[in-house]
file model.cif (mmCIF, C-alpha atoms)
data_final
#
loop_
_atom_site.group_PDB
_atom_site.id
_atom_site.type_symbol
_atom_site.label_atom_id
_atom_site.label_comp_id
_atom_site.auth_asym_id
_atom_site.auth_seq_id
_atom_site.Cartn_x
_atom_site.Cartn_y
_atom_site.Cartn_z
ATOM 1 C CA MET A 1 0.000 0.000 0.000
ATOM 2 C CA LYS A 2 2.881 2.362 0.817
ATOM 3 C CA SER A 3 4.207 1.728 -2.690
ATOM 4 C CA VAL A 4 0.870 2.646 -4.229
ATOM 5 C CA VAL A 5 0.729 5.866 -2.185
ATOM 6 C CA LYS A 6 4.305 6.677 -3.155
ATOM 7 C CA HIS A 7 3.603 6.267 -6.852
ATOM 8 C CA SER A 8 0.389 8.282 -6.555
ATOM 9 C CA LEU A 9 2.347 11.130 -4.982
ATOM 10 C CA VAL A 10 4.931 10.878 -7.742
ATOM 11 C CA ALA A 11 2.142 11.012 -10.332
ATOM 12 C CA VAL A 12 0.648 14.108 -8.709
ATOM 13 C CA ALA A 13 4.074 15.733 -8.670
ATOM 14 C CA LEU A 14 4.553 14.936 -12.358
ATOM 15 C CA LEU A 15 1.148 16.376 -13.196
ATOM 16 C CA THR A 16 1.977 19.533 -11.244
ATOM 17 C CA LEU A 17 5.222 19.894 -13.132
ATOM 18 C CA THR A 18 3.586 19.327 -16.507
ATOM 19 C CA VAL A 19 0.819 21.843 -15.766
ATOM 20 C CA ALA A 20 3.514 24.343 -14.813
ATOM 21 C CA ALA A 21 5.305 23.569 -18.062
ATOM 22 C CA ALA A 22 2.088 24.173 -20.005
ATOM 23 C CA ARG A 23 1.902 27.675 -18.601
ATOM 24 C CA ALA A 24 5.571 28.466 -19.161
ATOM 25 C CA ALA A 25 6.992 30.254 -22.184
ATOM 26 C CA ASP A 26 7.632 26.845 -23.765
ATOM 27 C CA PRO A 27 4.640 24.622 -23.043
ATOM 28 C CA LEU A 28 6.332 21.574 -24.604
ATOM 29 C CA PRO A 29 9.931 21.581 -23.322
ATOM 30 C CA SER A 30 10.498 17.878 -24.038
ATOM 31 C CA TRP A 31 9.759 18.421 -27.718
ATOM 32 C CA TYR A 32 12.505 19.509 -30.120
ATOM 33 C CA GLU A 33 11.744 22.538 -32.238
ATOM 34 C CA GLY A 34 10.476 21.323 -35.592
ATOM 35 C CA ALA A 35 7.468 20.689 -37.787
ATOM 36 C CA ALA A 36 5.671 18.397 -35.327
ATOM 37 C CA LYS A 37 5.853 20.776 -32.366
ATOM 38 C CA LYS A 38 5.018 23.734 -34.593
ATOM 39 C CA SER A 39 1.900 22.018 -35.941
ATOM 40 C CA ILE A 40 0.611 21.397 -32.404
ATOM 41 C CA VAL A 41 1.234 24.945 -31.184
ATOM 42 C CA GLU A 42 -0.268 26.513 -34.309
ATOM 43 C CA PHE A 43 -3.390 24.334 -34.086
ATOM 44 C CA VAL A 44 -3.952 25.151 -30.417
ATOM 45 C CA GLY A 45 -3.363 28.862 -31.059
ATOM 46 C CA ASN A 46 -5.739 28.942 -34.007
ATOM 47 C CA VAL A 47 -8.663 27.255 -32.241
ATOM 48 C CA THR A 48 -8.312 29.139 -28.937
ATOM 49 C CA ARG A 49 -7.526 32.682 -30.072
ATOM 50 C CA GLN A 50 -10.513 35.031 -29.951
ATOM 51 C CA GLY A 51 -11.070 36.591 -33.372
ATOM 52 C CA SER A 52 -9.335 33.753 -35.198
ATOM 53 C CA PRO A 53 -11.322 32.383 -38.172
ATOM 54 C CA ASP A 54 -10.580 28.928 -36.742
ATOM 55 C CA PHE A 55 -11.756 29.748 -33.203
ATOM 56 C CA VAL A 56 -13.593 26.890 -31.462
ATOM 57 C CA PRO A 57 -15.751 27.536 -28.363
ATOM 58 C CA GLN A 58 -14.431 25.769 -25.283
ATOM 59 C CA PRO A 59 -17.262 23.177 -24.992
ATOM 60 C CA GLU A 60 -16.312 21.920 -28.466
ATOM 61 C CA ARG A 61 -12.592 21.639 -27.716
ATOM 62 C CA ILE A 62 -12.475 17.890 -27.332
ATOM 63 C CA ALA A 63 -9.362 15.789 -27.912
ATOM 64 C CA VAL A 64 -9.116 11.998 -27.947
ATOM 65 C CA PHE A 65 -5.989 9.972 -27.241
ATOM 66 C CA ASP A 66 -5.197 6.341 -27.768
ATOM 67 C CA ASN A 67 -3.304 4.871 -24.795
ATOM 68 C CA ASP A 68 -1.062 1.929 -25.763
ATOM 69 C CA GLY A 69 1.908 3.256 -27.718
ATOM 70 C CA THR A 70 0.546 6.811 -27.636
ATOM 71 C CA LEU A 71 0.620 7.719 -23.954
ATOM 72 C CA TRP A 72 2.700 4.816 -22.620
ATOM 73 C CA SER A 73 4.814 2.037 -24.122
ATOM 74 C CA GLU A 74 3.348 -1.123 -25.596
ATOM 75 C CA HIS A 75 6.368 -3.388 -26.187
ATOM 76 C CA PRO A 76 7.479 -6.129 -25.855
ATOM 77 C CA MET A 77 3.724 -6.697 -25.483
ATOM 78 C CA TYR A 78 0.672 -4.685 -24.499
ATOM 79 C CA PHE A 79 0.959 -4.053 -20.783
ATOM 80 C CA GLN A 80 -2.535 -5.370 -20.162
ATOM 81 C CA LEU A 81 -1.484 -8.643 -21.784
ATOM 82 C CA ALA A 82 1.443 -8.824 -19.346
ATOM 83 C CA PHE A 83 -1.117 -8.321 -16.570
ATOM 84 C CA ALA A 84 -3.326 -11.075 -17.998
ATOM 85 C CA LEU A 85 -0.382 -13.504 -18.139
ATOM 86 C CA ASP A 86 0.401 -12.824 -14.499
ATOM 87 C CA ARG A 87 -3.276 -13.339 -13.673
ATOM 88 C CA VAL A 88 -3.201 -16.752 -15.385
ATOM 89 C CA LYS A 89 -0.336 -17.792 -13.109
ATOM 90 C CA ALA A 90 -2.087 -16.431 -10.031
ATOM 91 C CA LEU A 91 -5.362 -18.200 -10.829
ATOM 92 C CA ALA A 92 -3.813 -21.451 -12.126
ATOM 93 C CA PRO A 93 -4.045 -23.378 -8.820
ATOM 94 C CA LYS A 94 -7.845 -23.103 -9.059
ATOM 95 C CA HIS A 95 -7.821 -24.274 -12.687
ATOM 96 C CA PRO A 96 -5.808 -27.490 -13.117
ATOM 97 C CA GLU A 97 -7.369 -27.894 -16.577
ATOM 98 C CA TRP A 98 -5.267 -24.975 -17.804
ATOM 99 C CA LYS A 99 -2.165 -27.188 -17.770
ATOM 100 C CA THR A 100 -3.413 -28.842 -20.950
ATOM 101 C CA LYS A 101 -5.830 -26.284 -22.400
ATOM 102 C CA GLN A 102 -4.657 -23.588 -24.815
ATOM 103 C CA PRO A 103 -4.013 -20.700 -24.717
ATOM 104 C CA PHE A 104 -3.641 -21.084 -20.952
ATOM 105 C CA LYS A 105 -1.027 -23.831 -21.277
ATOM 106 C CA ALA A 106 1.145 -21.564 -23.427
ATOM 107 C CA ALA A 107 0.692 -18.683 -20.968
ATOM 108 C CA LEU A 108 1.759 -20.841 -18.024
ATOM 109 C CA GLU A 109 4.796 -22.152 -19.897
ATOM 110 C CA GLY A 110 5.841 -18.766 -21.253
ATOM 111 C CA ASP A 111 5.415 -20.069 -24.790
ATOM 112 C CA MET A 112 4.908 -16.748 -26.527
ATOM 113 C CA LYS A 113 5.100 -18.252 -30.020
ATOM 114 C CA THR A 114 2.132 -20.542 -29.395
ATOM 115 C CA LEU A 115 0.313 -17.766 -27.573
ATOM 116 C CA ALA A 116 0.778 -15.405 -30.531
ATOM 117 C CA ALA A 117 -0.375 -18.166 -32.894
ATOM 118 C CA SER A 118 -3.675 -18.373 -30.993
ATOM 119 C CA GLY A 119 -4.478 -15.014 -32.573
ATOM 120 C CA GLU A 120 -6.985 -12.444 -31.414
ATOM 121 C CA LYS A 121 -9.453 -15.164 -30.395
ATOM 122 C CA GLY A 122 -6.985 -16.845 -28.057
ATOM 123 C CA LEU A 123 -5.768 -13.608 -26.500
ATOM 124 C CA LEU A 124 -9.338 -12.419 -26.041
ATOM 125 C CA GLU A 125 -10.255 -15.648 -24.258
ATOM 126 C CA LEU A 126 -7.243 -15.228 -21.995
ATOM 127 C CA VAL A 127 -8.216 -11.677 -21.083
ATOM 128 C CA MET A 128 -11.917 -12.424 -20.569
ATOM 129 C CA VAL A 129 -11.369 -15.365 -18.245
ATOM 130 C CA THR A 130 -8.685 -13.675 -16.143
ATOM 131 C CA HIS A 131 -10.577 -10.385 -15.859
ATOM 132 C CA ALA A 132 -14.029 -11.692 -14.868
ATOM 133 C CA GLY A 133 -15.820 -12.939 -11.756
ATOM 134 C CA ASN A 134 -15.385 -9.801 -9.669
ATOM 135 C CA THR A 135 -16.824 -6.325 -9.260
ATOM 136 C CA PRO A 136 -15.259 -3.289 -10.977
ATOM 137 C CA ASP A 137 -13.885 -2.102 -7.620
ATOM 138 C CA GLU A 138 -12.367 -5.503 -6.867
ATOM 139 C CA PHE A 139 -10.846 -5.726 -10.319
ATOM 140 C CA GLN A 140 -9.364 -2.244 -10.167
ATOM 141 C CA LYS A 141 -7.732 -3.068 -6.815
ATOM 142 C CA ILE A 142 -6.138 -6.129 -8.439
ATOM 143 C CA VAL A 143 -4.813 -3.899 -11.228
ATOM 144 C CA ARG A 144 -3.425 -1.317 -8.794
ATOM 145 C CA ASP A 145 -1.753 -4.018 -6.712
ATOM 146 C CA TRP A 146 -0.156 -5.436 -9.862
ATOM 147 C CA LEU A 147 1.103 -2.030 -10.976
ATOM 148 C CA ALA A 148 2.654 -1.517 -7.548
ATOM 149 C CA THR A 149 4.822 -4.632 -7.917
ATOM 150 C CA ALA A 150 5.211 -5.628 -11.587
ATOM 151 C CA ARG A 151 8.144 -4.228 -13.531
ATOM 152 C CA HIS A 152 8.913 -3.923 -17.222
ATOM 153 C CA PRO A 153 11.356 -6.641 -18.370
ATOM 154 C CA ARG A 154 13.701 -4.196 -20.127
ATOM 155 C CA PHE A 155 13.476 -0.938 -18.204
ATOM 156 C CA LYS A 156 12.925 -2.482 -14.741
ATOM 157 C CA ARG A 157 10.447 0.258 -13.869
ATOM 158 C CA HIS A 158 6.802 0.018 -12.888
ATOM 159 C CA TYR A 159 4.605 -0.050 -15.979
ATOM 160 C CA ASN A 160 2.774 3.139 -15.049
ATOM 161 C CA GLU A 161 6.125 4.947 -14.921
ATOM 162 C CA LEU A 162 6.677 4.213 -18.617
ATOM 163 C CA VAL A 163 4.451 7.040 -19.783
ATOM 164 C CA TYR A 164 5.798 9.524 -22.300
ATOM 165 C CA GLN A 165 6.981 12.817 -20.840
ATOM 166 C CA PRO A 166 6.283 14.731 -24.096
ATOM 167 C CA MET A 167 2.694 13.471 -24.057
ATOM 168 C CA LEU A 168 2.220 14.400 -20.396
ATOM 169 C CA GLU A 169 3.233 17.918 -21.396
ATOM 170 C CA LEU A 170 0.844 17.830 -24.336
ATOM 171 C CA LEU A 171 -2.058 16.746 -22.106
ATOM 172 C CA ALA A 172 -1.297 19.604 -19.713
ATOM 173 C CA TYR A 173 -0.948 22.077 -22.591
ATOM 174 C CA LEU A 174 -4.336 21.126 -24.012
ATOM 175 C CA ARG A 175 -6.022 21.287 -20.609
ATOM 176 C CA ALA A 176 -4.507 24.724 -19.986
ATOM 177 C CA ASN A 177 -6.139 25.801 -23.248
ATOM 178 C CA GLY A 178 -9.626 24.623 -22.396
ATOM 179 C CA PHE A 179 -9.623 21.162 -23.961
ATOM 180 C CA LYS A 180 -11.541 18.239 -22.499
ATOM 181 C CA ILE A 181 -9.561 15.048 -23.023
ATOM 182 C CA PHE A 182 -10.777 11.484 -23.443
ATOM 183 C CA ILE A 183 -8.744 8.290 -23.645
ATOM 184 C CA VAL A 184 -10.043 6.025 -26.411
ATOM 185 C CA SER A 185 -8.200 2.724 -26.280
ATOM 186 C CA GLY A 186 -8.469 -0.867 -27.369
ATOM 187 C CA GLY A 187 -7.399 -1.722 -23.823
ATOM 188 C CA GLY A 188 -9.889 -2.689 -21.165
ATOM 189 C CA VAL A 189 -11.822 0.266 -19.793
ATOM 190 C CA GLU A 190 -11.737 -0.953 -16.167
ATOM 191 C CA PHE A 191 -8.022 -1.778 -16.446
ATOM 192 C CA MET A 192 -7.310 1.832 -17.422
ATOM 193 C CA ARG A 193 -9.715 3.415 -14.950
ATOM 194 C CA ALA A 194 -7.674 1.891 -12.126
ATOM 195 C CA TRP A 195 -4.756 4.268 -12.681
ATOM 196 C CA VAL A 196 -5.184 6.883 -15.435
ATOM 197 C CA GLU A 197 -6.497 9.665 -13.206
ATOM 198 C CA GLY A 198 -3.412 9.587 -11.001
ATOM 199 C CA VAL A 199 -1.017 9.351 -13.945
ATOM 200 C CA TYR A 200 -2.650 11.472 -16.661
ATOM 201 C CA GLY A 201 -5.149 13.549 -14.694
ATOM 202 C CA ILE A 202 -7.986 12.076 -16.767
ATOM 203 C CA PRO A 203 -11.015 11.019 -14.677
ATOM 204 C CA PRO A 204 -12.600 7.565 -15.152
ATOM 205 C CA GLU A 205 -15.703 8.974 -16.844
ATOM 206 C CA GLN A 206 -13.455 10.252 -19.649
ATOM 207 C CA VAL A 207 -12.045 6.816 -20.449
ATOM 208 C CA ILE A 208 -13.478 4.801 -23.342
ATOM 209 C CA GLY A 209 -12.210 1.280 -23.897
ATOM 210 C CA SER A 210 -13.008 -2.325 -24.663
ATOM 211 C CA SER A 211 -15.291 -4.007 -22.154
ATOM 212 C CA ILE A 212 -16.692 -7.313 -21.049
ATOM 213 C CA LYS A 213 -20.342 -7.822 -20.157
ATOM 214 C CA THR A 214 -21.587 -7.187 -16.651
ATOM 215 C CA LYS A 215 -24.677 -8.037 -14.662
ATOM 216 C CA TYR A 216 -26.386 -6.660 -11.592
ATOM 217 C CA GLU A 217 -26.994 -8.943 -8.643
ATOM 218 C CA VAL A 218 -27.321 -8.815 -4.875
ATOM 219 C CA ARG A 219 -24.552 -10.699 -3.085
ATOM 220 C CA ASN A 220 -25.099 -11.372 0.616
ATOM 221 C CA GLY A 221 -27.535 -8.502 0.723
ATOM 222 C CA VAL A 222 -25.183 -6.095 -1.057
ATOM 223 C CA PRO A 223 -26.008 -4.786 -4.565
ATOM 224 C CA ALA A 224 -23.122 -5.343 -6.972
ATOM 225 C CA ILE A 225 -22.089 -5.184 -10.612
ATOM 226 C CA ILE A 226 -20.384 -8.451 -11.618
ATOM 227 C CA ARG A 227 -17.976 -8.771 -14.532
ATOM 228 C CA LEU A 228 -18.679 -11.689 -16.890
ATOM 229 C CA PRO A 229 -16.320 -13.601 -19.235
ATOM 230 C CA GLN A 230 -18.158 -12.363 -22.327
ATOM 231 C CA VAL A 231 -17.202 -9.654 -24.806
ATOM 232 C CA ASN A 232 -19.333 -6.523 -24.672
ATOM 233 C CA PHE A 233 -17.498 -4.052 -26.937
ATOM 234 C CA ILE A 234 -14.135 -3.944 -28.731
ATOM 235 C CA ASP A 235 -12.901 -0.367 -28.877
ATOM 236 C CA ASP A 236 -10.472 -0.708 -31.743
ATOM 237 C CA LYS A 237 -10.339 0.266 -35.416
ATOM 238 C CA GLU A 238 -13.945 0.991 -36.528
ATOM 239 C CA GLY A 239 -15.047 0.623 -32.935
ATOM 240 C CA LYS A 240 -13.251 3.765 -31.819
ATOM 241 C CA PRO A 241 -15.446 6.308 -33.658
ATOM 242 C CA VAL A 242 -18.502 4.331 -32.534
ATOM 243 C CA GLY A 243 -17.338 4.398 -28.926
ATOM 244 C CA ILE A 244 -16.604 8.122 -29.067
ATOM 245 C CA ASN A 245 -20.015 8.891 -30.525
ATOM 246 C CA GLN A 246 -21.780 6.796 -27.898
ATOM 247 C CA HIS A 247 -19.909 8.188 -24.910
ATOM 248 C CA VAL A 248 -19.014 11.760 -25.859
ATOM 249 C CA GLY A 249 -21.863 12.938 -28.075
ATOM 250 C CA ARG A 250 -19.633 15.368 -29.960
ATOM 251 C CA ARG A 251 -17.104 14.813 -32.705
ATOM 252 C CA PRO A 252 -13.680 15.747 -31.291
ATOM 253 C CA ILE A 253 -11.508 18.282 -33.093
ATOM 254 C CA ALA A 254 -8.198 16.525 -32.371
ATOM 255 C CA ALA A 255 -7.111 12.884 -32.288
ATOM 256 C CA PHE A 256 -3.813 11.320 -31.273
ATOM 257 C CA GLY A 257 -2.706 7.739 -31.928
ATOM 258 C CA ASN A 258 0.214 5.578 -32.987
ATOM 259 C CA SER A 259 -1.087 2.605 -34.948
ATOM 260 C CA ASP A 260 -3.428 1.493 -37.685
ATOM 261 C CA GLY A 261 -5.855 0.575 -34.907
ATOM 262 C CA ASP A 262 -6.287 4.334 -34.517
ATOM 263 C CA PHE A 263 -6.715 5.059 -38.227
ATOM 264 C CA GLN A 264 -10.509 5.203 -38.277
ATOM 265 C CA MET A 265 -10.541 7.435 -35.197
ATOM 266 C CA LEU A 266 -8.216 9.954 -36.819
ATOM 267 C CA GLU A 267 -10.053 9.643 -40.139
ATOM 268 C CA TRP A 268 -13.423 10.394 -38.552
ATOM 269 C CA VAL A 269 -12.179 13.216 -36.345
ATOM 270 C CA THR A 270 -10.249 15.026 -39.072
ATOM 271 C CA SER A 271 -13.024 14.719 -41.660
ATOM 272 C CA GLY A 272 -15.332 16.989 -39.682
ATOM 273 C CA SER A 273 -15.948 20.628 -40.565
ATOM 274 C CA GLY A 274 -13.666 23.383 -39.362
ATOM 275 C CA THR A 275 -10.067 23.142 -38.221
ATOM 276 C CA ARG A 276 -9.060 19.609 -37.263
ATOM 277 C CA PHE A 277 -5.886 17.946 -36.044
ATOM 278 C CA GLY A 278 -4.563 14.399 -36.316
ATOM 279 C CA LEU A 279 -1.259 13.073 -34.979
ATOM 280 C CA LEU A 280 0.468 9.697 -35.075
ATOM 281 C CA VAL A 281 3.456 8.778 -32.912
ATOM 282 C CA HIS A 282 6.040 6.800 -34.911
ATOM 283 C CA HIS A 283 8.167 4.461 -32.808
ATOM 284 C CA ASP A 284 11.591 4.790 -34.405
ATOM 285 C CA ASP A 285 13.899 5.026 -31.402
ATOM 286 C CA ALA A 286 15.340 1.603 -30.589
ATOM 287 C CA LYS A 287 17.944 3.073 -28.255
ATOM 288 C CA ARG A 288 15.641 4.931 -25.867
ATOM 289 C CA GLU A 289 12.440 2.928 -26.436
ATOM 290 C CA TYR A 290 11.610 0.649 -29.417
ATOM 291 C CA ALA A 291 11.675 0.872 -33.208
ATOM 292 C CA TYR A 292 8.750 -0.743 -35.032
ATOM 293 C CA ASP A 293 5.993 0.027 -37.503
ATOM 294 C CA ARG A 294 4.954 -2.261 -40.359
ATOM 295 C CA LYS A 295 6.104 -5.627 -38.984
ATOM 296 C CA THR A 296 4.962 -5.977 -35.408
ATOM 297 C CA PRO A 297 2.058 -7.760 -33.692
ATOM 298 C CA PHE A 298 1.689 -4.874 -31.237
ATOM 299 C CA GLY A 299 1.021 -1.382 -32.571
ATOM 300 C CA ARG A 300 1.415 -2.014 -36.301
ATOM 301 C CA LEU A 301 1.667 1.230 -38.278
ATOM 302 C CA ALA A 302 1.550 0.932 -42.067
ATOM 303 C CA ARG A 303 -1.553 2.571 -43.498
ATOM 304 C CA GLY A 304 -1.084 5.540 -41.190
ATOM 305 C CA LEU A 305 2.475 6.060 -42.421
ATOM 306 C CA ASP A 306 1.367 5.813 -46.047
ATOM 307 C CA GLU A 307 -1.782 7.925 -45.894
ATOM 308 C CA GLY A 308 -1.300 10.146 -42.853
ATOM 309 C CA PRO A 309 0.858 12.821 -44.505
ATOM 310 C CA LYS A 310 -1.529 12.998 -47.475
ATOM 311 C CA ARG A 311 -4.384 13.635 -45.051
ATOM 312 C CA GLY A 312 -2.476 16.406 -43.307
ATOM 313 C CA TRP A 313 -1.785 14.408 -40.146
ATOM 314 C CA THR A 314 1.343 15.121 -38.133
ATOM 315 C CA ILE A 315 3.763 12.186 -37.903
ATOM 316 C CA VAL A 316 5.908 12.416 -34.770
ATOM 317 C CA SER A 317 9.345 10.804 -34.805
ATOM 318 C CA MET A 318 10.204 9.718 -31.278
ATOM 319 C CA LYS A 319 13.872 9.823 -32.253
ATOM 320 C CA ASP A 320 13.897 13.277 -33.855
ATOM 321 C CA ASP A 321 11.010 15.109 -32.154
ATOM 322 C CA TRP A 322 11.334 14.109 -28.482
ATOM 323 C CA ARG A 323 14.187 15.278 -26.239
ATOM 324 C CA THR A 324 13.273 12.651 -23.674
ATOM 325 C CA ILE A 325 10.991 9.638 -23.594
ATOM 326 C CA TYR A 326 10.054 8.878 -19.988
ATOM 327 C CA PRO A 327 9.834 11.067 -16.888
ATOM 328 C CA SER A 328 12.930 10.884 -14.705
ATOM 329 C CA ALA A 329 12.895 7.997 -12.240
ATOM 330 C CA ARG A 330 12.076 9.154 -8.732
#
call {"tool": "encode", "arguments": {"input": "model.cif", "output": "structure tokens"}}
result
Amino acid sequence: MKSVVKHSLVAVALLTLTVAAARAADPLPSWYEGAAKKSIVEFVGNVTRQGSPDFVPQPERIAVFDNDGTLWSEHPMYFQLAFALDRVKALAPKHPEWKTKQPFKAALEGDMKTLAASGEKGLLELVMVTHAGNTPDEFQKIVRDWLATARHPRFKRHYNELVYQPMLELLAYLRANGFKIFIVSGGGVEFMRAWVEGVYGIPPEQVIGSSIKTKYEVRNGVPAIIRLPQVNFIDDKEGKPVGINQHVGRRPIAAFGNSDGDFQMLEWVTSGSGTRFGLLVHHDDAKREYAYDRKTPFGRLARGLDEGPKRGWTIVSMKDDWRTIYPSAR
């Protein structure tokens, strides 16, 4: 518990620093001067400056951000998948059948090749089974406890410390300019709601994600919402604009992503009337983070690279546009 409190205090300190940075002369100090940074600053100036032909009233200043690979890292695998694998091991004593049943057998043996071969169906089954059978509050406590102990295999830091400093500054910069920000991720909505407010300053009601079905029941005289091992909604690709429309009720004016799973979100947002902004983060820094795009099972970026520039979207090079990747360890 002390560890959780410590990391929450660190997160608050980081948010304070990033808000201060947003109000400073340079609101994006971790960004190198260049086309990417310039495009962001010009867009924000145009839509917030009174008298500008591109001015957007504050209630309509809505921005949507993908999470995996956009706000925090996603390699060597999605962090929620790492959580699910640990959950398989934790729950295995109650499920002896998993020793011979795939994809659980592969998860228990660390056989990533077989696990990857199970495809989306296998990974989805893994996530559904390991994430169900509890209430949202119980599940979020499990997530927070995991984040307090689990560490990234390469960087040896807690997963929620591997958020991008330049994007923290961008979130603060947008908030300081009257934007309301939503996370729109293929990741599980309850998984994200467990920690995003402390790390990003984004409240749980502004998180849109994939979900499993739930039901209402009374347990021992106490009303409860119970999570079921059944898919409810997949918030990826075409699902992202649908999820935004259902939850937000307005078309955002800015969208930020990093993969082809975000393509439809950026396409829909930037096709609206008035001034619009789309940005894709390109992972091309193997030394400080990872380098990948067209040939990766996690965060594939091909169509976005090919079509993004033609659509006027900003392509951010992590290597050339970011002075730093992660906040300093504390």
call {"tool": "closest_atom_pairs", "arguments": {"input": "model.cif", "of": "range 245-273 of chain A", "to": "range 228-235 of chain A", "cutoff": "12 Å", "atoms": "only C-alpha atoms", "output": "Markdown table"}}
result
| residue | atom | partner | partner_atom | distance |
| --- | --- | --- | --- | --- |
| A:Asn245 | CA | A:Asp235 | CA | 11.8 |
| A:Gln246 | CA | A:Asp235 | CA | 11.5 |
| A:His247 | CA | A:Asp235 | CA | 11.7 |
| A:Gly261 | CA | A:Asp235 | CA | 9.3 |
| A:Asp262 | CA | A:Asp235 | CA | 9.9 |
| A:Gln264 | CA | A:Asp235 | CA | 11.2 |
| A:Met265 | CA | A:Asp235 | CA | 10.3 |
call {"tool": "write_last_selection", "arguments": {"input": "model.cif", "atoms": "C-alpha atoms", "output": "PDB file, keeping the file's coordinate frame"}}
result
ATOM      1  CA  ASN A 245     -20.015   8.891 -30.525  1.00  0.00           C
ATOM      2  CA  GLN A 246     -21.780   6.796 -27.898  1.00  0.00           C
ATOM      3  CA  HIS A 247     -19.909   8.188 -24.910  1.00  0.00           C
ATOM      4  CA  GLY A 261      -5.855   0.575 -34.907  1.00  0.00           C
ATOM      5  CA  ASP A 262      -6.287   4.334 -34.517  1.00  0.00           C
ATOM      6  CA  GLN A 264     -10.509   5.203 -38.277  1.00  0.00           C
ATOM      7  CA  MET A 265     -10.541   7.435 -35.197  1.00  0.00           C
TER       8      MET A 265
END
call {"tool": "residues_around", "arguments": {"input": "model.cif", "residues": "Gly257 in chain A", "least_positions_apart": "4", "cutoff": "8 Å", "atoms": "only C-alpha atoms", "output": "number ranges by chain"}}
result
A: 65-67, 69-70, 262-263, 266, 279-281
call {"tool": "resolve_selection", "arguments": {"input": "model.cif", "expression": "the PyMOL selection byres ((chain A and resi 137-148) around 7)", "output": "ChimeraX atom specification"}}
result
/A:3-4,134-136,149-150,158-160,190-191,194-195
call {"tool": "resolve_selection", "arguments": {"input": "model.cif", "expression": "the PyMOL selection byres ((chain A and resi 269) around 7)", "output": "PDB file with C-alpha atoms, in the coordinates of the input"}}
result
ATOM      1  CA  ARG A 251     -17.104  14.813 -32.705  1.00  0.00           C
ATOM      2  CA  PRO A 252     -13.680  15.747 -31.291  1.00  0.00           C
ATOM      3  CA  ILE A 253     -11.508  18.282 -33.093  1.00  0.00           C
ATOM      4  CA  ALA A 254      -8.198  16.525 -32.371  1.00  0.00           C
ATOM      5  CA  ALA A 255      -7.111  12.884 -32.288  1.00  0.00           C
ATOM      6  CA  MET A 265     -10.541   7.435 -35.197  1.00  0.00           C
ATOM      7  CA  LEU A 266      -8.216   9.954 -36.819  1.00  0.00           C
ATOM      8  CA  GLU A 267     -10.053   9.643 -40.139  1.00  0.00           C
ATOM      9  CA  TRP A 268     -13.423  10.394 -38.552  1.00  0.00           C
ATOM     10  CA  THR A 270     -10.249  15.026 -39.072  1.00  0.00           C
ATOM     11  CA  SER A 271     -13.024  14.719 -41.660  1.00  0.00           C
ATOM     12  CA  GLY A 272     -15.332  16.989 -39.682  1.00  0.00           C
TER      13      GLY A 272
END
call {"tool": "residues_around", "arguments": {"input": "model.cif", "residues": "range 284-298 of chain A", "least_positions_apart": "3", "cutoff": "6 Å", "atoms": "only C-alpha atoms", "output": "list in words"}}
result
Leu301, Ala302, Met318 and Lys319 of chain A
call {"tool": "write_last_selection", "arguments": {"input": "model.cif", "atoms": "C-alpha atoms", "output": "short mmCIF file (atom, residue, chain, number, x, y, z; two decimals), keeping the file's coordinate frame"}}
result
data_model
loop_
_atom_site.label_atom_id
_atom_site.label_comp_id
_atom_site.auth_asym_id
_atom_site.auth_seq_id
_atom_site.Cartn_x
_atom_site.Cartn_y
_atom_site.Cartn_z
CA LEU A 301 1.67 1.23 -38.28
CA ALA A 302 1.55 0.93 -42.07
CA MET A 318 10.20 9.72 -31.28
CA LYS A 319 13.87 9.82 -32.25
#
call {"tool": "atom_distance", "arguments": {"input": "model.cif", "atom1": "CA of Asn220 in chain A", "atom2": "CA of Thr130 in chain A"}}
result
23.6 Å
call {"tool": "closest_residue", "arguments": {"input": "model.cif", "among": "A:Ile62, A:Leu126, A:Leu108, A:Leu115", "to": "Lys180 in chain A", "atoms": "only C-alpha atoms"}}
result
A:Ile62
call {"tool": "resolve_selection", "arguments": {"input": "model.cif", "expression": "the PyMOL selection byres ((chain A and resi 77-88) around 7)", "output": "ChimeraX atom specification"}}
result
/A:68,74-76,89-92,107-108,126-127,130,298
call {"tool": "atom_distance", "arguments": {"input": "model.cif", "atom1": "CA of Ala176 in chain A", "atom2": "CA of Pro27 in chain A"}}
result
9.6 Å
call {"tool": "residues_around", "arguments": {"input": "model.cif", "residues": "Gln58 in chain A", "least_positions_apart": "2", "cutoff": "6 Å", "atoms": "all atoms listed in the file", "output": "ChimeraX atom specification"}}
result
/A:60-61,178
call {"tool": "closest_residue", "arguments": {"input": "model.cif", "among": "A:Ile202, A:Gly243, A:Lys213, A:Val163", "to": "Val129 in chain A", "atoms": "all atoms listed in the file"}}
result
A:Lys213
call {"tool": "closest_residue", "arguments": {"input": "model.cif", "among": "A:Phe277, A:Tyr200, A:Phe179, A:Trp322", "to": "Pro57 in chain A", "atoms": "all atoms listed in the file"}}
result
A:Phe179
call {"tool": "residues_around", "arguments": {"input": "model.cif", "residues": "Phe55 in chain A", "least_positions_apart": "5", "cutoff": "9 Å", "atoms": "only C-alpha atoms", "output": "ChimeraX atom specification"}}
result
/A:45-50,275
call {"tool": "atom_distance", "arguments": {"input": "model.cif", "atom1": "CA of Gly133 in chain A", "atom2": "CA of Glu161 in chain A"}}
result
28.5 Å
call {"tool": "axis_aligned_box", "arguments": {"input": "model.cif", "around": "range 226-240 of chain A", "padding_each_side": "6 Å", "output": "JSON"}}
result
{"center_x": -15.4, "center_y": -4.9, "center_z": -24.1, "size_x": 22.0, "size_y": 29.4, "size_z": 36.9}
